[in-house]
file input.txt (compact mmCIF, C-alpha atoms)
# COMPACT_ATOMS: atom_id res chain seq x y z
CA MET A 1 11.45 1.36 -8.26
CA MET A 2 14.71 2.40 -6.67
CA LEU A 3 15.64 5.78 -5.34
CA THR A 4 18.98 7.17 -6.39
CA LEU A 5 20.83 9.33 -3.87
CA SER A 6 24.04 11.30 -4.23
CA ASN A 7 25.70 14.13 -2.30
CA SER A 8 27.50 17.38 -2.89
CA ASN A 9 28.49 20.37 -0.74
CA ILE A 10 27.76 24.09 -0.94
CA GLY A 11 29.63 25.87 1.84
CA ILE A 12 28.40 24.46 5.16
CA TRP A 13 25.47 22.77 3.42
CA THR A 14 25.38 19.12 2.45
CA VAL A 15 23.08 18.59 -0.50
CA ILE A 16 21.31 15.23 -0.86
CA HIS A 17 20.33 14.85 -4.51
CA VAL A 18 17.30 12.57 -4.89
CA ALA A 19 16.13 10.96 -8.13
CA GLY A 20 13.05 8.77 -8.51
CA GLU A 21 9.79 8.44 -6.61
CA VAL A 22 9.63 8.81 -2.83
CA ASP A 23 7.03 6.57 -1.26
CA MET A 24 6.62 3.89 1.39
CA ALA A 25 8.87 1.57 -0.64
CA THR A 26 11.76 3.93 -1.28
CA GLY A 27 11.40 6.48 1.53
CA PRO A 28 13.41 4.49 4.09
CA GLN A 29 16.52 4.99 1.90
CA LEU A 30 16.11 8.76 2.14
CA ARG A 31 15.44 8.62 5.87
CA GLN A 32 18.58 6.53 6.41
CA GLU A 33 20.66 8.98 4.41
CA ILE A 34 19.39 11.97 6.43
CA VAL A 35 20.08 10.11 9.68
CA ARG A 36 23.56 9.15 8.46
CA GLN A 37 24.46 12.68 7.43
CA VAL A 38 23.33 14.19 10.74
CA SER A 39 25.11 11.49 12.74
CA GLU A 40 28.31 12.33 10.85
CA GLY A 41 27.94 15.97 11.86
CA ASN A 42 26.51 17.26 8.60
CA ILE A 43 23.67 19.13 10.28
CA HIS A 44 22.99 21.69 7.54
CA LEU A 45 21.12 19.71 4.92
CA VAL A 46 19.40 20.49 1.64
CA VAL A 47 17.30 17.83 -0.08
CA ASP A 48 17.38 18.41 -3.82
CA LEU A 49 14.08 17.22 -5.32
CA ARG A 50 14.61 18.37 -8.92
CA LYS A 51 14.59 14.79 -10.19
CA VAL A 52 11.69 13.66 -8.02
CA ASP A 53 8.35 13.57 -9.81
CA PHE A 54 6.37 11.92 -7.03
CA ILE A 55 6.37 12.18 -3.25
CA ASP A 56 3.71 10.78 -0.95
CA SER A 57 2.83 11.23 2.71
CA THR A 58 5.66 8.92 3.73
CA GLY A 59 8.14 11.17 1.92
CA LEU A 60 6.63 14.30 3.43
CA GLY A 61 6.93 12.73 6.86
CA ILE A 62 10.59 11.96 6.22
CA LEU A 63 11.21 15.61 5.35
CA VAL A 64 9.40 16.68 8.55
CA GLY A 65 11.64 14.29 10.45
CA GLY A 66 14.65 15.80 8.71
CA VAL A 67 13.67 19.31 9.81
CA LYS A 68 13.32 18.13 13.39
CA ARG A 69 16.52 16.06 13.34
CA ALA A 70 18.68 18.79 11.83
CA ARG A 71 17.37 21.58 14.07
CA SER A 72 17.54 19.52 17.27
CA ASN A 73 21.23 18.98 16.50
CA GLY A 74 21.85 22.69 16.01
CA GLY A 75 21.64 22.66 12.23
CA ASP A 76 18.99 23.36 9.66
CA PHE A 77 17.14 21.75 6.81
CA ARG A 78 16.03 23.04 3.39
CA CYS A 79 14.73 21.55 0.19
CA SER A 80 15.10 22.59 -3.40
CA GLY A 81 13.79 21.99 -6.90
CA LEU A 82 10.08 21.39 -6.41
CA SER A 83 8.16 20.58 -9.57
CA GLY A 84 4.60 21.86 -10.02
CA SER A 85 2.92 18.86 -8.40
CA LEU A 86 5.40 18.75 -5.51
CA GLU A 87 4.92 22.44 -4.92
CA GLU A 88 1.17 21.85 -4.70
CA VAL A 89 1.62 19.03 -2.19
CA PHE A 90 3.90 21.19 -0.04
CA ALA A 91 1.30 23.96 -0.01
CA LEU A 92 -1.66 21.63 0.67
CA THR A 93 0.01 20.02 3.66
CA GLY A 94 1.50 23.23 5.07
CA LEU A 95 4.99 21.83 4.73
CA ASP A 96 5.98 25.09 3.05
CA SER A 97 5.38 26.83 6.39
CA VAL A 98 8.20 24.95 8.16
CA LEU A 99 10.50 23.97 5.33
CA ALA A 100 12.04 26.66 3.17
CA VAL A 101 12.54 25.97 -0.52
CA VAL A 102 15.81 27.34 -1.82
CA ASP A 103 17.44 27.81 -5.19
CA LEU A 104 20.70 25.87 -5.35
CA ASP A 105 21.95 28.23 -8.06
CA GLN A 106 21.82 31.16 -5.63
CA ASP A 107 24.28 31.94 -2.88
CA PRO A 108 23.25 30.29 0.42
CA SER A 109 23.46 33.68 2.16
CA SER A 110 20.29 34.66 0.27
CA TRP A 111 18.36 31.52 1.21
CA THR A 112 15.09 32.00 3.09
CA LYS A 113 14.67 30.98 6.71
CA LEU A 114 11.38 29.83 8.24
CA ASN A 115 10.15 29.39 11.82
CA GLU A 116 13.45 28.63 13.49
CA MET B 1 -20.97 2.08 -11.96
CA ASN B 2 -18.89 0.33 -14.54
CA LYS B 3 -15.50 -0.52 -13.07
CA GLY B 4 -13.29 -0.55 -16.13
CA ILE B 5 -10.10 -2.00 -14.71
CA ILE B 6 -9.56 -4.33 -11.78
CA LEU B 7 -6.08 -4.65 -10.37
CA GLU B 8 -5.19 -7.15 -7.67
CA ILE B 9 -1.79 -6.66 -6.13
CA PRO B 10 0.21 -8.50 -3.51
CA SER B 11 0.27 -6.52 -0.29
CA GLN B 12 3.82 -5.27 -0.81
CA VAL B 13 5.13 -1.72 -1.08
CA GLU B 14 7.05 -2.60 -4.23
CA TYR B 15 3.73 -2.61 -6.12
CA LEU B 16 2.83 1.00 -5.29
CA SER B 17 4.58 2.40 -8.35
CA LEU B 18 2.75 -0.09 -10.56
CA VAL B 19 -0.61 1.02 -9.14
CA ARG B 20 0.27 4.67 -9.78
CA ALA B 21 1.36 3.94 -13.34
CA VAL B 22 -1.82 2.03 -14.15
CA VAL B 23 -4.10 4.67 -12.62
CA ALA B 24 -2.34 7.53 -14.40
CA SER B 25 -2.38 5.70 -17.76
CA ALA B 26 -6.03 4.74 -17.39
CA ALA B 27 -6.99 8.31 -16.44
CA ARG B 28 -5.29 9.62 -19.58
CA VAL B 29 -7.77 7.65 -21.70
CA ASP B 30 -10.08 10.58 -21.03
CA GLN B 31 -8.13 13.33 -22.70
CA SER B 32 -10.10 16.09 -21.00
CA LEU B 33 -8.49 15.39 -17.62
CA GLY B 34 -5.50 17.67 -17.18
CA ASP B 35 -2.08 16.58 -15.93
CA GLN B 36 -2.60 18.27 -12.56
CA ARG B 37 -5.79 16.35 -11.87
CA ILE B 38 -4.15 13.11 -12.95
CA ASP B 39 -1.31 13.85 -10.51
CA ASP B 40 -3.91 14.50 -7.78
CA LEU B 41 -5.66 11.19 -8.49
CA ARG B 42 -2.36 9.31 -8.68
CA LEU B 43 -1.32 10.59 -5.26
CA ALA B 44 -4.72 9.99 -3.66
CA VAL B 45 -4.84 6.39 -4.92
CA SER B 46 -1.25 5.81 -3.83
CA GLU B 47 -2.13 7.01 -0.33
CA ALA B 48 -5.17 4.72 -0.14
CA THR B 49 -3.10 1.76 -1.37
CA THR B 50 -0.30 2.55 1.09
CA ASN B 51 -2.83 2.52 3.93
CA ALA B 52 -4.19 -0.81 2.67
CA ILE B 53 -0.71 -2.36 2.57
CA ARG B 54 -0.04 -1.02 6.05
CA ALA B 55 -3.33 -2.51 7.32
CA HIS B 56 -2.39 -5.94 5.94
CA ALA B 57 1.10 -5.68 7.41
CA ASN B 58 -0.37 -4.91 10.84
CA LEU B 59 -2.36 -8.15 10.62
CA GLY B 60 0.41 -10.18 9.01
CA SER B 61 -2.02 -10.78 6.16
CA SER B 62 -0.81 -11.94 2.75
CA GLU B 63 -4.17 -11.34 1.08
CA ARG B 64 -4.24 -9.26 -2.05
CA ILE B 65 -5.43 -5.68 -2.30
CA THR B 66 -8.00 -4.84 -4.95
CA ILE B 67 -8.04 -1.58 -6.89
CA ARG B 68 -11.01 -0.96 -9.18
CA PHE B 69 -10.85 1.89 -11.66
CA GLY B 70 -13.83 3.26 -13.53
CA LEU B 71 -14.02 6.04 -16.10
CA GLU B 72 -17.61 7.01 -16.52
CA GLY B 73 -19.03 10.13 -18.10
CA ASP B 74 -18.09 13.08 -15.98
CA ARG B 75 -16.01 11.26 -13.37
CA ILE B 76 -13.28 8.82 -12.55
CA GLU B 77 -13.90 6.54 -9.60
CA VAL B 78 -11.27 4.42 -7.91
CA GLU B 79 -11.99 1.94 -5.16
CA VAL B 80 -9.22 0.52 -2.97
CA GLN B 81 -10.25 -2.48 -0.90
CA ASP B 82 -8.24 -4.22 1.79
CA HIS B 83 -8.84 -7.02 4.26
CA GLY B 84 -7.23 -5.37 7.25
CA SER B 85 -8.78 -5.02 10.67
CA GLY B 86 -10.49 -1.73 9.86
CA PHE B 87 -10.70 1.52 11.77
CA ASP B 88 -13.23 4.19 12.64
CA PRO B 89 -12.72 7.08 10.20
CA GLU B 90 -14.68 9.36 12.56
CA LYS B 91 -12.16 8.79 15.32
CA LEU B 92 -9.08 9.77 13.37
CA ASP B 93 -7.14 12.33 15.31
CA PRO B 94 -6.00 15.12 12.98
CA ALA B 95 -2.33 15.84 13.51
CA GLY B 96 -2.79 19.60 13.31
CA PRO B 97 -0.78 22.19 11.40
CA LEU B 98 2.96 21.74 11.13
CA THR B 99 3.42 25.10 12.81
CA ASP B 100 1.85 23.74 16.05
CA LYS B 101 4.24 23.23 18.92
CA GLY B 102 5.52 19.66 18.90
CA ARG B 103 4.03 18.78 15.50
CA LEU B 104 7.50 18.18 14.04
CA GLU B 105 7.90 15.30 16.50
CA TYR B 106 5.40 13.28 14.47
CA GLU B 107 6.16 12.30 10.86
CA GLY B 108 2.72 10.89 10.06
CA GLY B 109 -0.72 12.39 9.68
CA PHE B 110 -0.62 13.46 6.04
CA GLY B 111 -2.16 10.51 4.19
CA ILE B 112 -5.90 10.72 4.77
CA SER B 113 -5.92 14.52 4.84
CA LEU B 114 -4.16 14.52 1.44
CA MET B 115 -6.76 12.13 0.02
CA LYS B 116 -9.56 14.37 1.28
CA ILE B 117 -7.98 17.43 -0.33
CA LEU B 118 -7.02 15.84 -3.65
CA ALA B 119 -10.18 13.88 -4.44
CA ASP B 120 -13.44 15.65 -5.22
CA GLU B 121 -15.26 13.03 -3.16
CA ILE B 122 -14.08 10.36 -0.76
CA THR B 123 -15.93 7.73 1.22
CA ILE B 124 -14.29 5.36 3.68
CA GLU B 125 -16.20 2.26 4.71
CA SER B 126 -14.42 0.31 7.36
CA ALA B 127 -15.34 -2.76 9.38
CA ASP B 128 -13.58 -5.61 11.17
CA GLU B 129 -13.14 -7.47 7.89
CA GLY B 130 -11.54 -4.61 5.99
CA THR B 131 -11.71 -1.12 4.56
CA THR B 132 -12.92 0.20 1.24
CA VAL B 133 -11.92 3.68 0.13
CA ASN B 134 -13.78 5.24 -2.79
CA LEU B 135 -12.16 8.20 -4.48
CA THR B 136 -13.92 10.28 -7.11
CA VAL B 137 -12.37 12.89 -9.35
CA TYR B 138 -14.64 14.80 -11.69
CA VAL B 139 -13.40 15.40 -15.19
CA SER B 140 -15.04 18.81 -14.86
CA PRO B 141 -15.36 20.44 -11.42
CA PRO B 142 -18.49 19.13 -9.55
CA SER B 143 -20.16 22.55 -9.70
CA GLU B 144 -20.19 22.34 -13.50
CA THR B 145 -21.85 18.93 -13.61
CA ILE B 146 -25.61 18.44 -13.82
call {"tool": "encode", "arguments": {"input": "input.txt", "output": "C-alpha cells"}}
result
Amino acid sequence: MMLTLSNSNIGIWTVIHVAGEVDMATGPQLRQEIVRQVSEGNIHLVVDLRKVDFIDSTGLGILVGGVKRARSNGGDFRCSGLSGSLEEVFALTGLDSVLAVVDLDQDPSSWTKLNE
Amino acid sequence: MNKGIILEIPSQVEYLSLVRAVVASAARVDQSLGDQRIDDLRLAVSEATTNAIRAHANLGSSERITIRFGLEGDRIEVEVQDHGSGFDPEKLDPAGPLTDKGRLEYEGGFGISLMKILADEITIESADEGTTVNLTVYVSPPSETI
C-alpha cells in the first residue's frame, strides 16, 4: 500500500497532507518528506492525518522525530485530523502530551501549544 | 485452541497491510466484537508482525513468518511466530514517557508497550531459534467471562 503525500500552506505553516496507512512499509516516505521540508527551511509543520486510518509505532516514532527536528531548527510541529482510533493511540502512548492536535479550519493564532 | 486461519507471509514489510486486512476481516466474523476492539487487535498484530519482520531482517533471514488466528468462544487469539534470533522480554528497557528529558531523541519504544496496552493478554516466548507472540482479545472484557 502506498502513502499519498501533498502539501499546502497556512500562514507560516506548511501542511503535509497524508492519505493511506502509516507503517514500517510506508513510514519512510513521511519521514523523508518531513526531513525535506525542514531542510528547505519550512520549520513550522502540520501533519494532516484526516485521511489516515491506521498508524503504527513506526509512524508514531516518525512524528516524534518530526517534533524534535522542527523544534531543534527553531520551528514547531503539530498534527491534525485524528480519527477515533488514532486519537486513542495518541493518548495511550502519551504522544498527545508533546504533540498538539490542531483544527486546520481554525486560525493558527488559536492553535494550542504544548511543552515547548 | 483451534487456530482457524494460518497465514504464512514472506518477511517483507509490504505484507503488513495484508496481515491487518485478514485479521480485521476474520475478527468481524464474530459480530459481537466492536470496531474499536478490532482496531486494537489489528494494531497489536501489526506491531507483532513488524517486530518479526525486523528480527528476520537483522539475521538476513528469508524464512516466512507465521500468523495463526483463532476465534473461540469468548476470545480471539493471534499467534505471530518468527525465526529470528530472539530476545529477553524481561530485559526490554522501557523508553519512558515522552515528556522525559531527551525522550524525543529516540523514535522507537512504542511497539511492545502498545501491544501490552491493546491486547487483553500477551505472552512472549523467545529463544535463540525465534520468538512467538500470543495476543488475546476477549470478545467481552475478561472480568465478565467465567
call {"tool": "closest_residue", "arguments": {"input": "input.txt", "among": "A:Val101, A:Ala25, A:Val35, A:Val47", "to": "chain B", "atoms": "only C-alpha atoms"}}
result
A:Ala25
call {"tool": "axis_aligned_box", "arguments": {"input": "input.txt", "around": "segment 10-20 of chain B", "padding_each_side": "4 Å", "output": "lines of an AutoDock Vina configuration file"}}
result
center_x = 3.2
center_y = -1.9
center_z = -5.4
size_x = 15.7
size_y = 21.2
size_z = 18.3
call {"tool": "closest_atom_pairs", "arguments": {"input": "input.txt", "of": "chain B", "to": "chain A", "cutoff": "7 Å", "atoms": "only C-alpha atoms", "output": "CSV"}}
result
residue,atom,partner,partner_atom,distance
B:Val13,CA,A:Ala25,CA,5.0
B:Glu14,CA,A:Ala25,CA,5.8
B:Ser17,CA,A:Met1,CA,6.9
B:Gln36,CA,A:Ser85,CA,6.9
B:Asp39,CA,A:Ser85,CA,6.9
B:Leu43,CA,A:Asp56,CA,6.6
B:Glu47,CA,A:Asp56,CA,7.0
B:Pro97,CA,A:Gly94,CA,6.8
B:Leu98,CA,A:Gly94,CA,6.4
B:Thr99,CA,A:Val98,CA,6.7
B:Leu104,CA,A:Lys68,CA,5.9
B:Glu105,CA,A:Lys68,CA,6.9
B:Glu107,CA,A:Gly61,CA,4.1
B:Gly108,CA,A:Gly61,CA,5.6
B:Phe110,CA,A:Ser57,CA,5.3
B:Gly111,CA,A:Ser57,CA,5.3
call {"tool": "residues_near_point", "arguments": {"input": "input.txt", "point": "(-8.3, 17.7, -4.0)", "cutoff": "10 Å", "atoms": "all atoms listed in the file", "output": "count of residues only"}}
result
17
call {"tool": "atom_distance", "arguments": {"input": "input.txt", "atom1": "atom CA of Gly81 of chain A", "atom2": "atom CA of Arg36 of chain A"}}
result
22.3 Å
call {"tool": "atom_distance", "arguments": {"input": "input.txt", "atom1": "atom CA of Asp103 of chain A", "atom2": "atom CA of Cys79 of chain A"}}
result
8.7 Å
